Amino acid sequence: MAVQTRPISTSPVTTRAVRWTRENLFSSIPNSAVTVAALALLYLVLFGSDPVGQAGALATFDWPDLLGGGLIKFVFDGADWSVVHANRRLYFLFRFPTATPTAANPDETWRIWVILYMLSGLAGASAGLWTRIDLKVAVVFLLLMVPVSLFIGAGAVLLLTGGAVAMFAASYVAAHFAPGIKTYLAVAKNVAIGAWIVAFFVAWTLLNGVDSRLWGGLLLTLFLTVVGIIASFPLGVLLALGRASTFPVIKGFCTAYIELIRAVPLITILFMALVFVPLMLEPDRRIVGLPITGVDFDLVARATIAITLFSAAYIAENVRGGLQSVPRGQMEAAEALGLSTSRILAFIVLPQAIRAVIPSLVGQFISLFKDTSLVFIMGLTDLLEVAGIVTSQPGFFGRQAESLLFVALIYWIIAFSMSRASQRLERTLGVGDR
Amino acid sequence: MRTKKLLIGVAIIAAVLAIGAIACSSDDDDDGNGDTPIATDAGDNGNGDASGSVLDEVIARGTLVCGVNNSVPGFGFVDADGNFSGFDVDFCHAIAAAVFGDPDAVEFSPQTAETRLPAVQTGQVDVLIRNTTWTLTRDVATGLTFATTTYYDGQGLMVRSTDGFTSVDSLADATICVLSGTTTELNLADRLPGSTALGFEDNDTLQTAFIEERCDGWTSDKSQLAGRRSEFPAEAGGPDSLVILEETFSKEPLGPVTIDNDATWSQVVDFVAIGMIVADELGVTSANVADMAANPPNVRVARLLGVAFGEEGAAAFDAELGISAQFMQDVISMVGNYDEVYEANVAPIGIPREGTLNASWLDGGIIYSPPWK
């Protein structure tokens, strides 16, 4: 059916574009109709409902009417972005000390910069070692940091952000072109993995130097996401294995846990973490008669635990789907070879099971990332909550559209990065190629 | 064999759940919060014996945990530097100044409408100052103690000045924009049963609808209407294109909230707020408090500031609240009296104090303090 006679190398770009358009967008009457409808809708959202007026304004170059009346005009003309600019620190760090340092209240922002530098360096080195990581995407996102820091304005901030970008580049070059790196590539990769684990605990310690009640904005959103993912993944795998177990107590418990958690909305679990934990702990901080002094269940810890427990139930079901996709014969063959159960799981079953469900796992992680916005119910101030808060400052009433658009852009950048990383991982591991 | 294993498993799980349930329920009983009016050791003796009071916890901790709003203009919001600011927030600073002599020894805990009352009941906040209306149910059944009312709010109606509505009754069959799921919506249905309510989730979408003339009136607490009016966008006509009708058709007395059965602590909170009202009545301000403390003009000022008055050797008045006798000096010098706090926070959003319920009783309002003696 397809016409395969095109001489690609000699045809001009325009011809190829026309051909691509015809083949992909106007191949049939229903396809053409869908294309036209989608373009019309896109135009409506971006430029509004008056194409004739816009064409006239465009002809006479009549700013800003040539932008139409939709989203584009709002972004470039109608919007007053000063609400975002004035509150830039609140979006990223909220009340993390401090925008106005005093002797009693020293500036702790350096902790964030140390973490950012550390992660930039590690990301650069890892990109240098695992050359199959998509460098193009990394470079685009790092370059995006330059306009962001220009927007943030202060020279010192620009310098620091630029430093992080330079750190990434330097680490990449150092790791990629180090003499003899080819020989020690496997060792270097193990070192890098170890460094990531160490970096996690260093970042954890640095952050905990500041009272978690002062965390907020993007910082809190990312903390809940990263810790939630790292903690809920192993828990979910254990629950999935437990549910597949033949021992009825374990199987029963895991099944009950998964079904119970999946039947309750996350917001309910968060609310229970807020209300019931202090009721159970006070007045003398005991659970089932055991004193638990020394453990501070602050709000961030409770939110993290609630999100982890919730997410683990869903991950367990995803992984169970993967476990079922591994043919039973493989396990029997491994048993016949005399491998122990733990070895069968670690080397035969789990690698295949998890590889099979990467798309749904990443989907779960992205959904966890977005679900962290529900912690507002506990009185925590995540990124989305900041977007609502700043419009109650005098001078910024009714500027919610600007604030929400900015926050939506941040959410999109992060969620899209996660999605791209997952696609890359699938291609590297050859998922779907079997 | 399999059935037996399964039965054992079920039995173990049931036992674990039963133990958990017993542990939880006994913890609930211990707590005895709110709904059961049992006087605890701190409850029946306000003065002197402060064992088990929140006041002791606050002093031991070194900071006050204050539940506030983070998104009500003029009353509780976060400024661009990340500092909480507003009328309610200043009362938190005042309590911290009274207890510690340091208005910044406050940890603010933002609360939503849903979390604010549980936060007081479970002791997550020492005091809640978050535009919370004093009602019978909240005082009795929920087990809370309301301090003196610091702000008398009430529901009103805002209309476009060009539409010709002059009273609430003239909107009897009009369409009115309101936040859905609030008591405001219920009050509207009581007051204007013939009107059509158009519900919105937040004030920004509501404002957009109002500008698009999808409704004739906008109802909310008058303080919020005034805040919105003062910042009404110029391209939509500016503040002068709007009128807030005179009638107030609900009562919303707002004030600090503490947990029941802790008179020691409730009285501290109550009398810090009352002291700020007394200072306003006596004309003691942050500017003149130092002079007045050194050289009190009359015995009432001397009592408020906890200093001696009259002949040599006379005893200074001590409020016996379990904190410094001169706590009002710190409150007034560091935060201000009632009028100063009002003028700094509420007046700028377009609600002058004069002529409202929140004027001093000396000026025809109902902000009134019991005698400080």
# chains A, B, ... in the order shown; residues from 1 in each chain; ligands from 1
$ select_by_dssp --residues "region 46-187 of chain B" --states "helix (DSSP H, G or I)" --output "JSON, numbers by chain"
{"B": [54, 55, 56, 57, 58, 59, 60, 61, 87, 88, 89, 90, 91, 92, 93, 94, 95, 96, 97, 98, 99, 100, 116, 117, 118, 119, 120, 121, 136, 137, 138, 139, 140, 161, 162, 163, 169, 170, 171, 183, 184, 185, 186, 187]}
$ residues_around --residues "Pro359 (chain A)" --least-positions-apart "5" --cutoff "8 Å" --atoms "only C-alpha atoms" --output "list in words"
Ser422, Gln423 and Glu426 of chain A
$ write_last_selection --atoms "N, CA, C and O atoms" --output "tab-separated table (two decimals), in the first residue's frame"
chain	number	residue	atom	x	y	z
A	422	SER	N	11.53	7.33	31.33
A	422	SER	CA	10.98	5.98	31.27
A	422	SER	C	11.04	5.43	29.86
A	422	SER	O	11.41	4.27	29.63
A	423	GLN	N	10.71	6.27	28.85
A	423	GLN	CA	10.76	5.81	27.46
A	423	GLN	C	12.18	5.39	27.09
A	423	GLN	O	12.40	4.37	26.43
A	426	GLU	N	12.97	2.09	28.66
A	426	GLU	CA	12.32	1.00	27.95
A	426	GLU	C	13.11	0.64	26.70
A	426	GLU	O	13.32	-0.52	26.39
$ residues_around --residues "region 147-156 of chain B" --least-positions-apart "5" --cutoff "6 Å" --atoms "only C-alpha atoms" --output "list in words"
Thr219, Ser220, Asp221, Lys222, Thr248, Phe249, Ser250, Lys251, Glu252, Pro253, Leu254, Gly255, Pro256 and Asp270 of chain B
$ write_last_selection --atoms "N, CA, C and O atoms" --output "PDB file, in the first residue's frame"
ATOM      1  N   THR B 219     -22.105  37.857  47.295  1.00  0.00           N
ATOM      2  CA  THR B 219     -22.255  37.819  48.744  1.00  0.00           C
ATOM      3  C   THR B 219     -21.106  37.067  49.393  1.00  0.00           C
ATOM      4  O   THR B 219     -20.622  36.074  48.856  1.00  0.00           O
ATOM      5  N   SER B 220     -20.634  37.608  50.513  1.00  0.00           N
ATOM      6  CA  SER B 220     -19.549  37.013  51.279  1.00  0.00           C
ATOM      7  C   SER B 220     -19.480  37.793  52.589  1.00  0.00           C
ATOM      8  O   SER B 220     -20.284  38.703  52.814  1.00  0.00           O
ATOM      9  N   ASP B 221     -18.515  37.437  53.459  1.00  0.00           N
ATOM     10  CA  ASP B 221     -18.317  38.256  54.641  1.00  0.00           C
ATOM     11  C   ASP B 221     -17.896  39.649  54.198  1.00  0.00           C
ATOM     12  O   ASP B 221     -17.141  39.804  53.240  1.00  0.00           O
ATOM     13  N   LYS B 222     -18.374  40.655  54.921  1.00  0.00           N
ATOM     14  CA  LYS B 222     -18.121  42.027  54.484  1.00  0.00           C
ATOM     15  C   LYS B 222     -16.628  42.356  54.426  1.00  0.00           C
ATOM     16  O   LYS B 222     -16.180  43.117  53.577  1.00  0.00           O
ATOM     17  N   THR B 248     -26.278  43.927  57.048  1.00  0.00           N
ATOM     18  CA  THR B 248     -25.484  42.740  57.369  1.00  0.00           C
ATOM     19  C   THR B 248     -26.458  41.663  57.801  1.00  0.00           C
ATOM     20  O   THR B 248     -27.238  41.876  58.721  1.00  0.00           O
ATOM     21  N   PHE B 249     -26.469  40.515  57.108  1.00  0.00           N
ATOM     22  CA  PHE B 249     -27.500  39.541  57.440  1.00  0.00           C
ATOM     23  C   PHE B 249     -26.980  38.234  58.044  1.00  0.00           C
ATOM     24  O   PHE B 249     -27.643  37.215  57.995  1.00  0.00           O
ATOM     25  N   SER B 250     -25.803  38.281  58.649  1.00  0.00           N
ATOM     26  CA  SER B 250     -25.416  37.154  59.497  1.00  0.00           C
ATOM     27  C   SER B 250     -24.456  37.675  60.551  1.00  0.00           C
ATOM     28  O   SER B 250     -23.877  38.742  60.387  1.00  0.00           O
ATOM     29  N   LYS B 251     -24.303  36.929  61.639  1.00  0.00           N
ATOM     30  CA  LYS B 251     -23.389  37.343  62.701  1.00  0.00           C
ATOM     31  C   LYS B 251     -22.151  36.451  62.662  1.00  0.00           C
ATOM     32  O   LYS B 251     -22.271  35.233  62.691  1.00  0.00           O
ATOM     33  N   GLU B 252     -20.992  37.052  62.558  1.00  0.00           N
ATOM     34  CA  GLU B 252     -19.751  36.287  62.512  1.00  0.00           C
ATOM     35  C   GLU B 252     -18.746  36.877  63.499  1.00  0.00           C
ATOM     36  O   GLU B 252     -17.810  37.562  63.104  1.00  0.00           O
ATOM     37  N   PRO B 253     -18.932  36.610  64.794  1.00  0.00           N
ATOM     38  CA  PRO B 253     -17.915  37.086  65.743  1.00  0.00           C
ATOM     39  C   PRO B 253     -16.665  36.213  65.669  1.00  0.00           C
ATOM     40  O   PRO B 253     -16.733  35.004  65.880  1.00  0.00           O
ATOM     41  N   LEU B 254     -15.521  36.806  65.327  1.00  0.00           N
ATOM     42  CA  LEU B 254     -14.288  36.036  65.136  1.00  0.00           C
ATOM     43  C   LEU B 254     -13.330  36.300  66.289  1.00  0.00           C
ATOM     44  O   LEU B 254     -13.182  37.436  66.734  1.00  0.00           O
ATOM     45  N   GLY B 255     -12.672  35.257  66.760  1.00  0.00           N
ATOM     46  CA  GLY B 255     -11.724  35.449  67.847  1.00  0.00           C
ATOM     47  C   GLY B 255     -10.814  34.262  68.019  1.00  0.00           C
ATOM     48  O   GLY B 255     -10.970  33.236  67.346  1.00  0.00           O
ATOM     49  N   PRO B 256      -9.831  34.361  68.930  1.00  0.00           N
ATOM     50  CA  PRO B 256      -8.902  33.259  69.180  1.00  0.00           C
ATOM     51  C   PRO B 256      -9.615  32.069  69.830  1.00  0.00           C
ATOM     52  O   PRO B 256     -10.560  32.248  70.598  1.00  0.00           O
ATOM     53  N   ASP B 270      -7.046  35.061  76.255  1.00  0.00           N
ATOM     54  CA  ASP B 270      -8.156  35.986  76.336  1.00  0.00           C
ATOM     55  C   ASP B 270      -7.676  37.373  76.770  1.00  0.00           C
ATOM     56  O   ASP B 270      -8.010  38.386  76.165  1.00  0.00           O
TER      57      ASP B 270
END
